[in-house]
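Before any comments, here is the structure.
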There are 2 protein chains.
Amino acid sequence: MRIFIVHAHPEEQSFNGAMTRTAQAALAAAGHEVVISDLYRMGFNPVSGRHNFITVHNRDYFRQQAEESFAALNDGFAPEIQAEQDKLFWCDVLILQFPLWWFGLPAILKGWVDRVFAAGGRIYGGGKWYDQGVFAGKRAMCSLTIGGAPPIYSEHGLNGSIASILYPINHGMLYFTGFDVVEPFLVHAPVRLSVEQRAVELARYRERITGLSTAPIIAYPKLAEHDEHYVLNASAKRR
Amino acid sequence: MRIFIVHAHPEEQSFNGAMTRTAQAALAAAGHEVVISDLYRMGFNPVSGRHNFITVHNRDYFRQQAEESFAALNDGFAPEIQAEQDKLFWCDVLILQFPLWWFGLPAILKGWVDRVFAAGGRIYGGGKWYDQGVFAGKRAMCSLTIGGAPPIYSEHGLNGSIASILYPINHGMLYFTGFDVVEPFLVHAPVRLSVEQRAVELARYRERITGLSTAPIIAYPKLAEHDEHYVLNASAKRR
């Protein structure tokens with residue numbers, strides 16, 4: 001298996017750092033190949049703009065998707081974007097490793113998605129989306145740390161359920177581009193864990209990581225279950 | 001009224017640009033004060049890190065929230081962060097103006113939240129959150145453009161409902177810090193609108209903008225309706 005970990009944390013010594021090092025070691029020991037994009041260490045620029053491209057489609061008006069489609073046809077992505085796209089095509093499994101910041105991805109990782117997930121059929125578009133997406137057959141998983149304890153993230157918890165918080169990421173970014181989305185791996189409040197508890201969490205992560213190919217995935221409706229307006233059809237709703 | 005618009009679009013001529021200019025003109029004409037943070041034009045850096053601060057709490061281990069709490073006590077925020085916090089305290093209404101990118105905020109705006117919304121009681125913390133939050137009594141609204149047509153964003157739409165997509169922003173960022181969250185203002189697929197249809201949409205936005213103080217807000221449970229584990233209590237669930 002080829003695993004691509006996109007890692008987004010400013011502190012190397014953080015629990016996120018320990019999780020990625022644990023994954024890397026466990027996967028390598030099992031004979032898998034691992035590539036890591038450590039966005040903070042790379043100094044990745046998350047701001048999307050003309051610098052995403054070496055080509056120019058319209059000099060007078062910047063429309064991101066039009067520039068992406070043009071770049072897709074003309075090999076026009078900037079080297080740092082092309083390199084990330086290559087890693088996506090190379091991998092069998094994508095892992096997003098991050099601390100939950102403001103109920104979403106840290107900006108450096110959100111911008112990695114904004115810039116790398118390009119239109120025009122390169123990463124999506126032209127009928128290639130959801131289960132018909134470019135990355136169909138690959139798996140993806142969010143692995144994250146969360147400041148609060150589980151109850152506040154339960155169904156009736158004050159902060160909202162984990163499923164509702166991660167929906168735009170799991171459904172909107174990962175499933176949208178064709179990935180089978182593995183249930184997220186969560187570690188709550190690592191800052192308040194003892195050394196022993198941290199070891200237990202890392203062992204739990206090692207188990208998930210080495211079982212990635214069979215870990216349960218989130219069941220989402222298929223593209224074919226929707227009508228011509230992209231609304232779920234009646235028979236699928238009854239299910 | 002004092003209105004603070006945080007604007008996040010790389011193209012000045014975009015429909016987002018037209019919306020912010022429309023809001024600015026309509027509000028000024030009605031005698032309101034308007035401040036705009038045009039993040040792309042400011043060259044705002046969305047990556048959170050030590051450069052958020054002029055103080056250092058722990059030189060050997062960077063923990064964002066601990067540095068924020070220390071900075072809050074010691075006037076230690078970097079000038080560009082302090083300036084944005086000042087605008088938040090100054091305003092009566094906050095507007096986030098953005099194109100929906102990957103079912104969320106463009107990274108430049110997500111990073112504005114990551115960096116500016118600081119812990120330690122400055123923007124949240126110490127029991128100050130949700131309806132007890134620092135910004136209680138102020139209003140906030142998302143104003144956004146969306147690529148697709150309304151049905152795909154309906155309750156059973158392929159892309160998920162607008163409410164579920166915006167939940168981490170409306171509930172997790174705006175309500176979390178105390179704002180009353182006005183129903184979002186949406187313009188679908190401005191790229192496919194005629195000049196006349198664009199004028200209609202801008203007139204509709206002008207109406208919303210000048211009626212901000214009475215526009216309907218999203219009803220969220222109150223902090224007091226939760227138990228000691230921050231789970232909604234039984235009587236609130238029955239409602």
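Identifiers for the structure tokens are assigned positionally: chains receive A, B, ... in sequence, residues are indexed from 1 per chain, and ligands are indexed from 1 in the order shown.
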
Problem set entry | Polymer residues at most 12 Å from Pro79 in chain A, only C-alpha atoms, same-chain spacing of 2 or more positions, as a ChimeraX atom specification | /A:51-55,71,75-77,81-86,115-116

Problem set entry | DSSP strand (DSSP E or B) residues within range 28-92 of chain B, listed as a VMD selection string | chain B and resid 33 to 38 53 77

For this session: Identify every residue of chain B that has at least one atom within 6 Å of any atom of chain A, counting only C-alpha atoms, and report the result as JSON, numbers by chain.
Result: {"B": [11, 47, 62, 103, 107, 108, 110, 111, 152, 156, 157, 158, 165, 168, 172, 230, 231, 232]}

Can I get the selected residues back with all heavy atoms, as a short mmCIF file (atom, residue, chain, number, x, y, z; two decimals), in the first residue's frame?
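Written out: selection-v1.cif:
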data_model
loop_
_atom_site.label_atom_id
_atom_site.label_comp_id
_atom_site.auth_asym_id
_atom_site.auth_seq_id
_atom_site.Cartn_x
_atom_site.Cartn_y
_atom_site.Cartn_z
N GLU B 11 -10.22 38.30 -6.81
CA GLU B 11 -10.50 39.12 -8.00
C GLU B 11 -11.43 40.28 -7.63
O GLU B 11 -12.58 40.06 -7.25
CB GLU B 11 -11.14 38.25 -9.09
CG GLU B 11 -11.63 39.00 -10.32
CD GLU B 11 -10.54 39.82 -10.99
OE1 GLU B 11 -9.56 39.24 -11.47
OE2 GLU B 11 -10.68 41.07 -11.02
N VAL B 47 -1.60 31.74 7.88
CA VAL B 47 -0.93 30.65 8.61
C VAL B 47 -0.66 31.07 10.05
O VAL B 47 0.02 32.06 10.31
CB VAL B 47 0.40 30.25 7.92
CG1 VAL B 47 1.11 29.16 8.72
CG2 VAL B 47 0.14 29.79 6.50
N PHE B 62 5.63 25.16 21.19
CA PHE B 62 4.61 26.10 20.75
C PHE B 62 3.22 25.48 20.91
O PHE B 62 2.84 24.55 20.21
CB PHE B 62 4.81 26.49 19.28
CG PHE B 62 3.75 27.42 18.78
CD1 PHE B 62 3.67 28.74 19.24
CD2 PHE B 62 2.80 26.99 17.86
CE1 PHE B 62 2.68 29.60 18.79
CE2 PHE B 62 1.80 27.85 17.41
CZ PHE B 62 1.74 29.15 17.87
N PHE B 103 -16.63 23.74 0.16
CA PHE B 103 -17.63 23.63 1.22
C PHE B 103 -17.20 24.34 2.49
O PHE B 103 -17.62 23.97 3.59
CB PHE B 103 -17.98 22.16 1.47
CG PHE B 103 -18.53 21.49 0.22
CD1 PHE B 103 -17.69 20.84 -0.67
CD2 PHE B 103 -19.87 21.58 -0.08
CE1 PHE B 103 -18.18 20.27 -1.84
CE2 PHE B 103 -20.38 21.02 -1.24
CZ PHE B 103 -19.54 20.36 -2.12
N ALA B 107 -9.09 29.60 2.36
CA ALA B 107 -8.08 29.49 3.42
C ALA B 107 -7.69 30.84 4.01
O ALA B 107 -7.44 30.95 5.22
CB ALA B 107 -6.84 28.78 2.87
N ILE B 108 -7.66 31.88 3.19
CA ILE B 108 -7.24 33.19 3.71
C ILE B 108 -8.20 33.68 4.79
O ILE B 108 -7.77 34.35 5.75
CB ILE B 108 -7.08 34.22 2.55
CG1 ILE B 108 -6.17 35.38 2.96
CG2 ILE B 108 -8.44 34.72 2.05
CD1 ILE B 108 -5.75 36.29 1.79
N LYS B 110 -10.31 31.44 6.56
CA LYS B 110 -10.23 30.47 7.67
C LYS B 110 -9.05 30.84 8.58
O LYS B 110 -9.15 30.78 9.81
CB LYS B 110 -10.08 29.04 7.14
CG LYS B 110 -9.89 27.98 8.23
CD LYS B 110 -10.98 28.03 9.28
CE LYS B 110 -11.02 26.84 10.22
NZ LYS B 110 -9.82 26.56 10.94
N GLY B 111 -7.95 31.24 7.96
CA GLY B 111 -6.77 31.60 8.75
C GLY B 111 -6.93 32.92 9.49
O GLY B 111 -6.32 33.13 10.54
N ILE B 152 -29.15 21.16 -5.62
CA ILE B 152 -28.05 20.30 -5.20
C ILE B 152 -27.63 20.61 -3.76
O ILE B 152 -26.95 19.80 -3.11
CB ILE B 152 -26.86 20.42 -6.18
CG1 ILE B 152 -25.90 19.23 -6.05
CG2 ILE B 152 -26.12 21.72 -6.01
CD1 ILE B 152 -24.82 19.18 -7.13
N HIS B 156 -32.04 17.01 0.56
CA HIS B 156 -31.57 15.73 0.02
C HIS B 156 -30.70 15.93 -1.22
O HIS B 156 -30.59 15.03 -2.05
CB HIS B 156 -32.77 14.82 -0.29
CG HIS B 156 -33.52 14.40 0.94
ND1 HIS B 156 -33.03 13.47 1.82
CD2 HIS B 156 -34.70 14.81 1.45
CE1 HIS B 156 -33.89 13.32 2.82
NE2 HIS B 156 -34.91 14.12 2.62
N GLY B 157 -30.12 17.10 -1.34
CA GLY B 157 -29.26 17.39 -2.48
C GLY B 157 -27.92 16.68 -2.37
O GLY B 157 -27.45 16.38 -1.26
N LEU B 158 -27.33 16.43 -3.52
CA LEU B 158 -26.06 15.69 -3.60
C LEU B 158 -24.95 16.34 -2.79
O LEU B 158 -24.13 15.65 -2.16
CB LEU B 158 -25.66 15.61 -5.09
CG LEU B 158 -24.36 14.90 -5.45
CD1 LEU B 158 -24.35 13.44 -5.00
CD2 LEU B 158 -24.13 14.98 -6.96
N ILE B 165 -23.60 22.52 5.56
CA ILE B 165 -22.28 22.96 5.08
C ILE B 165 -21.76 24.14 5.91
O ILE B 165 -20.58 24.19 6.25
CB ILE B 165 -22.36 23.34 3.59
CG1 ILE B 165 -22.66 22.09 2.74
CG2 ILE B 165 -21.09 24.04 3.12
CD1 ILE B 165 -23.13 22.41 1.33
N PRO B 168 -20.34 24.47 10.68
CA PRO B 168 -19.11 24.75 11.43
C PRO B 168 -18.76 26.24 11.49
O PRO B 168 -18.10 26.68 12.43
CB PRO B 168 -18.03 23.97 10.65
CG PRO B 168 -18.78 22.91 9.91
CD PRO B 168 -20.10 23.55 9.56
N GLY B 172 -19.97 27.13 14.88
CA GLY B 172 -18.66 26.88 15.50
C GLY B 172 -17.77 28.10 15.62
O GLY B 172 -16.91 28.16 16.50
N TYR B 230 -22.04 19.47 29.24
CA TYR B 230 -22.31 20.25 28.02
C TYR B 230 -23.15 19.49 27.01
O TYR B 230 -22.98 19.60 25.81
CB TYR B 230 -21.01 20.76 27.39
CG TYR B 230 -20.21 21.64 28.33
CD1 TYR B 230 -19.00 21.23 28.86
CD2 TYR B 230 -20.71 22.90 28.70
CE1 TYR B 230 -18.28 22.04 29.73
CE2 TYR B 230 -20.00 23.71 29.58
CZ TYR B 230 -18.79 23.27 30.08
OH TYR B 230 -18.08 24.07 30.95
N VAL B 231 -24.06 18.67 27.54
CA VAL B 231 -25.03 17.98 26.69
C VAL B 231 -26.39 18.61 26.97
O VAL B 231 -26.72 18.93 28.12
CB VAL B 231 -25.05 16.46 26.99
CG1 VAL B 231 -26.15 15.77 26.19
CG2 VAL B 231 -23.68 15.85 26.68
N LEU B 232 -27.17 18.81 25.92
CA LEU B 232 -28.48 19.44 26.03
C LEU B 232 -29.31 18.72 27.09
O LEU B 232 -29.39 17.49 27.10
CB LEU B 232 -29.18 19.35 24.66
CG LEU B 232 -30.26 20.38 24.34
CD1 LEU B 232 -29.71 21.79 24.36
CD2 LEU B 232 -30.87 20.07 22.97
#

Can you list, as a PDB file with N, CA, C and O atoms, in the first residue's frame, every protein, DNA or RNA residue that comes within 12 Å of Met19 in chain A when you count only C-alpha atoms, leaving out same-chain residues fewer than 5 positions away?
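The resulting around-v8.pdb:
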ATOM      1  N   ILE A   5       0.411  11.042   3.690  1.00  0.00           N
ATOM      2  CA  ILE A   5      -0.044  11.767   4.880  1.00  0.00           C
ATOM      3  C   ILE A   5       0.199  13.262   4.673  1.00  0.00           C
ATOM      4  O   ILE A   5       1.324  13.684   4.410  1.00  0.00           O
ATOM      5  N   HIS A   7       0.242  16.522   6.659  1.00  0.00           N
ATOM      6  CA  HIS A   7       0.393  16.813   8.086  1.00  0.00           C
ATOM      7  C   HIS A   7       0.384  18.323   8.305  1.00  0.00           C
ATOM      8  O   HIS A   7       1.159  19.049   7.675  1.00  0.00           O
ATOM      9  N   ALA A   8      -0.475  18.788   9.219  1.00  0.00           N
ATOM     10  CA  ALA A   8      -0.631  20.237   9.409  1.00  0.00           C
ATOM     11  C   ALA A   8      -0.605  20.602  10.886  1.00  0.00           C
ATOM     12  O   ALA A   8      -1.649  20.705  11.539  1.00  0.00           O
ATOM     13  N   HIS A   9       0.593  20.774  11.434  1.00  0.00           N
ATOM     14  CA  HIS A   9       0.719  21.255  12.819  1.00  0.00           C
ATOM     15  C   HIS A   9       2.014  22.053  12.937  1.00  0.00           C
ATOM     16  O   HIS A   9       3.049  21.616  12.449  1.00  0.00           O
ATOM     17  N   GLU A  12       6.472  20.495  16.036  1.00  0.00           N
ATOM     18  CA  GLU A  12       6.956  19.133  15.774  1.00  0.00           C
ATOM     19  C   GLU A  12       6.717  18.178  16.944  1.00  0.00           C
ATOM     20  O   GLU A  12       6.455  17.000  16.767  1.00  0.00           O
ATOM     21  N   GLN A  13       6.860  18.715  18.182  1.00  0.00           N
ATOM     22  CA  GLN A  13       6.726  17.879  19.383  1.00  0.00           C
ATOM     23  C   GLN A  13       5.273  17.614  19.775  1.00  0.00           C
ATOM     24  O   GLN A  13       5.010  16.970  20.785  1.00  0.00           O
ATOM     25  N   SER A  14       4.335  18.135  19.002  1.00  0.00           N
ATOM     26  CA  SER A  14       2.914  18.005  19.342  1.00  0.00           C
ATOM     27  C   SER A  14       2.457  16.551  19.252  1.00  0.00           C
ATOM     28  O   SER A  14       3.152  15.705  18.682  1.00  0.00           O
ATOM     29  N   GLN A  24       4.052   6.536  10.346  1.00  0.00           N
ATOM     30  CA  GLN A  24       5.163   6.311   9.426  1.00  0.00           C
ATOM     31  C   GLN A  24       5.939   5.040   9.793  1.00  0.00           C
ATOM     32  O   GLN A  24       6.213   4.196   8.933  1.00  0.00           O
ATOM     33  N   ALA A  25       6.242   4.909  11.082  1.00  0.00           N
ATOM     34  CA  ALA A  25       7.006   3.751  11.550  1.00  0.00           C
ATOM     35  C   ALA A  25       6.213   2.456  11.376  1.00  0.00           C
ATOM     36  O   ALA A  25       6.738   1.441  10.891  1.00  0.00           O
ATOM     37  N   ALA A  26       4.938   2.492  11.758  1.00  0.00           N
ATOM     38  CA  ALA A  26       4.115   1.272  11.698  1.00  0.00           C
ATOM     39  C   ALA A  26       3.915   0.820  10.251  1.00  0.00           C
ATOM     40  O   ALA A  26       3.969  -0.377   9.941  1.00  0.00           O
ATOM     41  N   ILE A  95      -4.206  10.396   4.117  1.00  0.00           N
ATOM     42  CA  ILE A  95      -4.523  10.717   5.516  1.00  0.00           C
ATOM     43  C   ILE A  95      -4.319  12.218   5.731  1.00  0.00           C
ATOM     44  O   ILE A  95      -3.258  12.753   5.388  1.00  0.00           O
ATOM     45  N   LEU A  96      -5.343  12.873   6.256  1.00  0.00           N
ATOM     46  CA  LEU A  96      -5.202  14.269   6.674  1.00  0.00           C
ATOM     47  C   LEU A  96      -4.993  14.269   8.180  1.00  0.00           C
ATOM     48  O   LEU A  96      -5.869  13.820   8.929  1.00  0.00           O
ATOM     49  N   GLN A  97      -3.832  14.728   8.617  1.00  0.00           N
ATOM     50  CA  GLN A  97      -3.497  14.753  10.051  1.00  0.00           C
ATOM     51  C   GLN A  97      -3.494  16.192  10.528  1.00  0.00           C
ATOM     52  O   GLN A  97      -2.680  16.993  10.071  1.00  0.00           O
ATOM     53  N   PHE A  98      -4.392  16.517  11.471  1.00  0.00           N
ATOM     54  CA  PHE A  98      -4.502  17.924  11.896  1.00  0.00           C
ATOM     55  C   PHE A  98      -5.165  18.061  13.256  1.00  0.00           C
ATOM     56  O   PHE A  98      -5.903  17.184  13.693  1.00  0.00           O
ATOM     57  N   PRO A  99      -4.902  19.183  13.917  1.00  0.00           N
ATOM     58  CA  PRO A  99      -5.691  19.552  15.098  1.00  0.00           C
ATOM     59  C   PRO A  99      -6.951  20.263  14.607  1.00  0.00           C
ATOM     60  O   PRO A  99      -6.879  21.069  13.668  1.00  0.00           O
ATOM     61  N   SER A 143      -7.478  12.208  10.509  1.00  0.00           N
ATOM     62  CA  SER A 143      -6.935  11.824  11.812  1.00  0.00           C
ATOM     63  C   SER A 143      -6.677  13.127  12.554  1.00  0.00           C
ATOM     64  O   SER A 143      -5.882  13.946  12.101  1.00  0.00           O
ATOM     65  N   LEU A 144      -7.375  13.314  13.677  1.00  0.00           N
ATOM     66  CA  LEU A 144      -7.330  14.641  14.282  1.00  0.00           C
ATOM     67  C   LEU A 144      -7.337  14.625  15.798  1.00  0.00           C
ATOM     68  O   LEU A 144      -7.800  13.675  16.414  1.00  0.00           O
ATOM     69  N   THR A 145      -6.792  15.693  16.343  1.00  0.00           N
ATOM     70  CA  THR A 145      -6.895  15.935  17.775  1.00  0.00           C
ATOM     71  C   THR A 145      -7.953  17.012  18.001  1.00  0.00           C
ATOM     72  O   THR A 145      -8.150  17.897  17.158  1.00  0.00           O
ATOM     73  N   PHE A 185     -10.363   9.187  12.751  1.00  0.00           N
ATOM     74  CA  PHE A 185      -9.687   8.756  13.970  1.00  0.00           C
ATOM     75  C   PHE A 185      -9.492   9.981  14.862  1.00  0.00           C
ATOM     76  O   PHE A 185      -8.885  10.973  14.452  1.00  0.00           O
ATOM     77  N   LEU A 186     -10.024   9.911  16.091  1.00  0.00           N
ATOM     78  CA  LEU A 186     -10.053  11.079  16.968  1.00  0.00           C
ATOM     79  C   LEU A 186      -9.270  10.840  18.245  1.00  0.00           C
ATOM     80  O   LEU A 186      -9.377   9.777  18.855  1.00  0.00           O
ATOM     81  N   VAL A 187      -8.512  11.832  18.651  1.00  0.00           N
ATOM     82  CA  VAL A 187      -7.923  11.830  19.994  1.00  0.00           C
ATOM     83  C   VAL A 187      -8.381  13.109  20.685  1.00  0.00           C
ATOM     84  O   VAL A 187      -8.106  14.212  20.199  1.00  0.00           O
ATOM     85  N   PRO A 190      -5.468  15.753  23.922  1.00  0.00           N
ATOM     86  CA  PRO A 190      -4.174  15.116  24.221  1.00  0.00           C
ATOM     87  C   PRO A 190      -3.365  15.895  25.263  1.00  0.00           C
ATOM     88  O   PRO A 190      -2.567  15.306  25.990  1.00  0.00           O
ATOM     89  N   ARG A 198      -1.211   8.649  26.650  1.00  0.00           N
ATOM     90  CA  ARG A 198      -0.757   8.979  25.297  1.00  0.00           C
ATOM     91  C   ARG A 198      -0.270   7.737  24.568  1.00  0.00           C
ATOM     92  O   ARG A 198      -0.547   7.550  23.375  1.00  0.00           O
ATOM     93  N   ALA A 199       0.453   6.896  25.293  1.00  0.00           N
ATOM     94  CA  ALA A 199       0.951   5.651  24.692  1.00  0.00           C
ATOM     95  C   ALA A 199      -0.218   4.764  24.252  1.00  0.00           C
ATOM     96  O   ALA A 199      -0.176   4.133  23.189  1.00  0.00           O
ATOM     97  N   VAL A 200      -1.255   4.737  25.068  1.00  0.00           N
ATOM     98  CA  VAL A 200      -2.448   3.941  24.723  1.00  0.00           C
ATOM     99  C   VAL A 200      -3.089   4.478  23.440  1.00  0.00           C
ATOM    100  O   VAL A 200      -3.463   3.721  22.537  1.00  0.00           O
ATOM    101  N   GLU A 201      -3.198   5.806  23.345  1.00  0.00           N
ATOM    102  CA  GLU A 201      -3.800   6.417  22.151  1.00  0.00           C
ATOM    103  C   GLU A 201      -2.952   6.146  20.907  1.00  0.00           C
ATOM    104  O   GLU A 201      -3.488   5.880  19.831  1.00  0.00           O
ATOM    105  N   LEU A 202      -1.631   6.202  21.069  1.00  0.00           N
ATOM    106  CA  LEU A 202      -0.755   5.952  19.916  1.00  0.00           C
ATOM    107  C   LEU A 202      -0.834   4.487  19.487  1.00  0.00           C
ATOM    108  O   LEU A 202      -0.792   4.187  18.282  1.00  0.00           O
ATOM    109  N   ALA A 203      -1.005   3.588  20.460  1.00  0.00           N
ATOM    110  CA  ALA A 203      -1.155   2.164  20.123  1.00  0.00           C
ATOM    111  C   ALA A 203      -2.472   1.945  19.373  1.00  0.00           C
ATOM    112  O   ALA A 203      -2.539   1.173  18.403  1.00  0.00           O
ATOM    113  N   ARG A 204      -3.501   2.655  19.817  1.00  0.00           N
ATOM    114  CA  ARG A 204      -4.805   2.581  19.144  1.00  0.00           C
ATOM    115  C   ARG A 204      -4.675   3.109  17.713  1.00  0.00           C
ATOM    116  O   ARG A 204      -5.252   2.564  16.778  1.00  0.00           O
ATOM    117  N   TYR A 205      -3.877   4.165  17.537  1.00  0.00           N
ATOM    118  CA  TYR A 205      -3.697   4.721  16.197  1.00  0.00           C
ATOM    119  C   TYR A 205      -2.917   3.743  15.313  1.00  0.00           C
ATOM    120  O   TYR A 205      -3.229   3.551  14.140  1.00  0.00           O
ATOM    121  N   ARG A 206      -1.898   3.120  15.910  1.00  0.00           N
ATOM    122  CA  ARG A 206      -1.095   2.140  15.164  1.00  0.00           C
ATOM    123  C   ARG A 206      -1.993   1.033  14.610  1.00  0.00           C
ATOM    124  O   ARG A 206      -1.859   0.613  13.459  1.00  0.00           O
ATOM    125  N   GLU A 207      -2.941   0.605  15.451  1.00  0.00           N
ATOM    126  CA  GLU A 207      -3.868  -0.454  15.047  1.00  0.00           C
ATOM    127  C   GLU A 207      -4.739   0.004  13.863  1.00  0.00           C
ATOM    128  O   GLU A 207      -4.911  -0.732  12.887  1.00  0.00           O
ATOM    129  N   ARG A 208      -5.254   1.230  13.955  1.00  0.00           N
ATOM    130  CA  ARG A 208      -6.084   1.752  12.869  1.00  0.00           C
ATOM    131  C   ARG A 208      -5.277   1.874  11.573  1.00  0.00           C
ATOM    132  O   ARG A 208      -5.743   1.506  10.489  1.00  0.00           O
ATOM    133  N   ILE A 209      -4.072   2.368  11.724  1.00  0.00           N
ATOM    134  CA  ILE A 209      -3.219   2.641  10.568  1.00  0.00           C
ATOM    135  C   ILE A 209      -2.843   1.343   9.844  1.00  0.00           C
ATOM    136  O   ILE A 209      -2.831   1.288   8.612  1.00  0.00           O
TER     137      ILE A 209
END

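Between CA of Trp129 in chain A and CA of Glu67 in chain A lies a distance of 19.2 Å.
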
For this session: Can you pull out every residue within 9 Å of Pro216 in chain A, counting only C-alpha atoms, but drop anything in the same chain fewer than 5 positions away, and send it as a PyMOL selection string?
Result: chain A and resi 181-183

Requested write-out: C-alpha atoms of the selected residues, as an mmCIF file, in the first residue's frame:
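Ended up saving to selection33.cif:
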data_model
loop_
_atom_site.group_PDB
_atom_site.id
_atom_site.type_symbol
_atom_site.label_atom_id
_atom_site.label_comp_id
_atom_site.auth_asym_id
_atom_site.auth_seq_id
_atom_site.Cartn_x
_atom_site.Cartn_y
_atom_site.Cartn_z
ATOM 1 C CA VAL A 181 -14.009 7.916 3.408
ATOM 2 C CA VAL A 182 -12.799 5.925 6.390
ATOM 3 C CA GLU A 183 -14.385 6.800 9.757
#

For this session: Just the helix (DSSP H, G or I) stuff from range 2-148 of chain A, please, per backbone DSSP, written as a ChimeraX atom specification.
Result: /A:15-29,39-42,50-52,64-73,79-90,107-116,130-132

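For Asp92 in chain A, the list of residues within 10 Å, based on only C-alpha atoms and with local chain neighbours fewer than 5 positions off taken out, reads Met1, Arg2, Ile3, Phe4, Glu33, Lys87, Phe135, Gly137, Lys138, Arg139, Ala140, Phe179 and Ser213 of chain A.
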
Exercise. So which one's closest to Gly127 in chain B, B:Ala224, B:Phe15, B:Ile36, B:His57? Using only C-alpha atoms, please.
Worked result: B:Ala224

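Here CA of His188 in chain A and CA of Asn170 in chain A stand 18.7 Å from one another.
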
Exercise. What does the distance between CA of Arg122 in chain B and CA of Leu39 in chain B come to in Å, to one decimal place?
Worked result: 21.8 Å

Exercise. Using only C-alpha atoms, which residue out of A:Leu212, A:Ala18, A:Arg59, A:Val6 lies closest to Arg41 in chain A?
Worked result: A:Val6

Exercise. Neighbours of Ala189 in chain A within 6 Å (only C-alpha atoms; same-chain residues fewer than 2 positions away dropped), as a ChimeraX atom specification?
Worked result: /A:146-148,191-192

Would you save the residues from that selection as a PDB file, in the first residue's frame, using all heavy atoms?
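Below is the file that was written, part39.pdb:
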ATOM      1  N   ILE A 146      -8.635  16.899  19.149  1.00  0.00           N
ATOM      2  CA  ILE A 146      -9.764  17.776  19.455  1.00  0.00           C
ATOM      3  C   ILE A 146      -9.607  18.251  20.889  1.00  0.00           C
ATOM      4  O   ILE A 146      -9.363  17.439  21.784  1.00  0.00           O
ATOM      5  CB  ILE A 146     -11.082  16.985  19.324  1.00  0.00           C
ATOM      6  CG1 ILE A 146     -11.205  16.394  17.914  1.00  0.00           C
ATOM      7  CG2 ILE A 146     -12.277  17.852  19.656  1.00  0.00           C
ATOM      8  CD1 ILE A 146     -12.429  15.550  17.721  1.00  0.00           C
ATOM      9  N   GLY A 147      -9.764  19.550  21.103  1.00  0.00           N
ATOM     10  CA  GLY A 147      -9.546  20.105  22.435  1.00  0.00           C
ATOM     11  C   GLY A 147     -10.449  19.562  23.522  1.00  0.00           C
ATOM     12  O   GLY A 147      -9.994  19.288  24.634  1.00  0.00           O
ATOM     13  N   GLY A 148     -11.739  19.384  23.244  1.00  0.00           N
ATOM     14  CA  GLY A 148     -12.719  19.039  24.277  1.00  0.00           C
ATOM     15  C   GLY A 148     -12.932  17.546  24.453  1.00  0.00           C
ATOM     16  O   GLY A 148     -12.444  16.732  23.669  1.00  0.00           O
ATOM     17  N   VAL A 191      -3.596  17.201  25.346  1.00  0.00           N
ATOM     18  CA  VAL A 191      -2.844  18.037  26.283  1.00  0.00           C
ATOM     19  C   VAL A 191      -3.118  17.621  27.738  1.00  0.00           C
ATOM     20  O   VAL A 191      -2.299  17.855  28.624  1.00  0.00           O
ATOM     21  CB  VAL A 191      -3.172  19.531  26.041  1.00  0.00           C
ATOM     22  CG1 VAL A 191      -4.565  19.882  26.540  1.00  0.00           C
ATOM     23  CG2 VAL A 191      -2.134  20.447  26.657  1.00  0.00           C
ATOM     24  N   ARG A 192      -4.278  16.995  27.968  1.00  0.00           N
ATOM     25  CA  ARG A 192      -4.622  16.592  29.340  1.00  0.00           C
ATOM     26  C   ARG A 192      -4.375  15.101  29.600  1.00  0.00           C
ATOM     27  O   ARG A 192      -4.752  14.581  30.650  1.00  0.00           O
ATOM     28  CB  ARG A 192      -6.095  16.937  29.631  1.00  0.00           C
ATOM     29  CG  ARG A 192      -6.317  18.447  29.789  1.00  0.00           C
ATOM     30  CD  ARG A 192      -7.661  18.777  30.419  1.00  0.00           C
ATOM     31  NE  ARG A 192      -8.775  18.593  29.507  1.00  0.00           N
ATOM     32  CZ  ARG A 192      -9.162  19.498  28.592  1.00  0.00           C
ATOM     33  NH1 ARG A 192      -8.539  20.645  28.488  1.00  0.00           N
ATOM     34  NH2 ARG A 192     -10.189  19.265  27.801  1.00  0.00           N
TER      35      ARG A 192
END
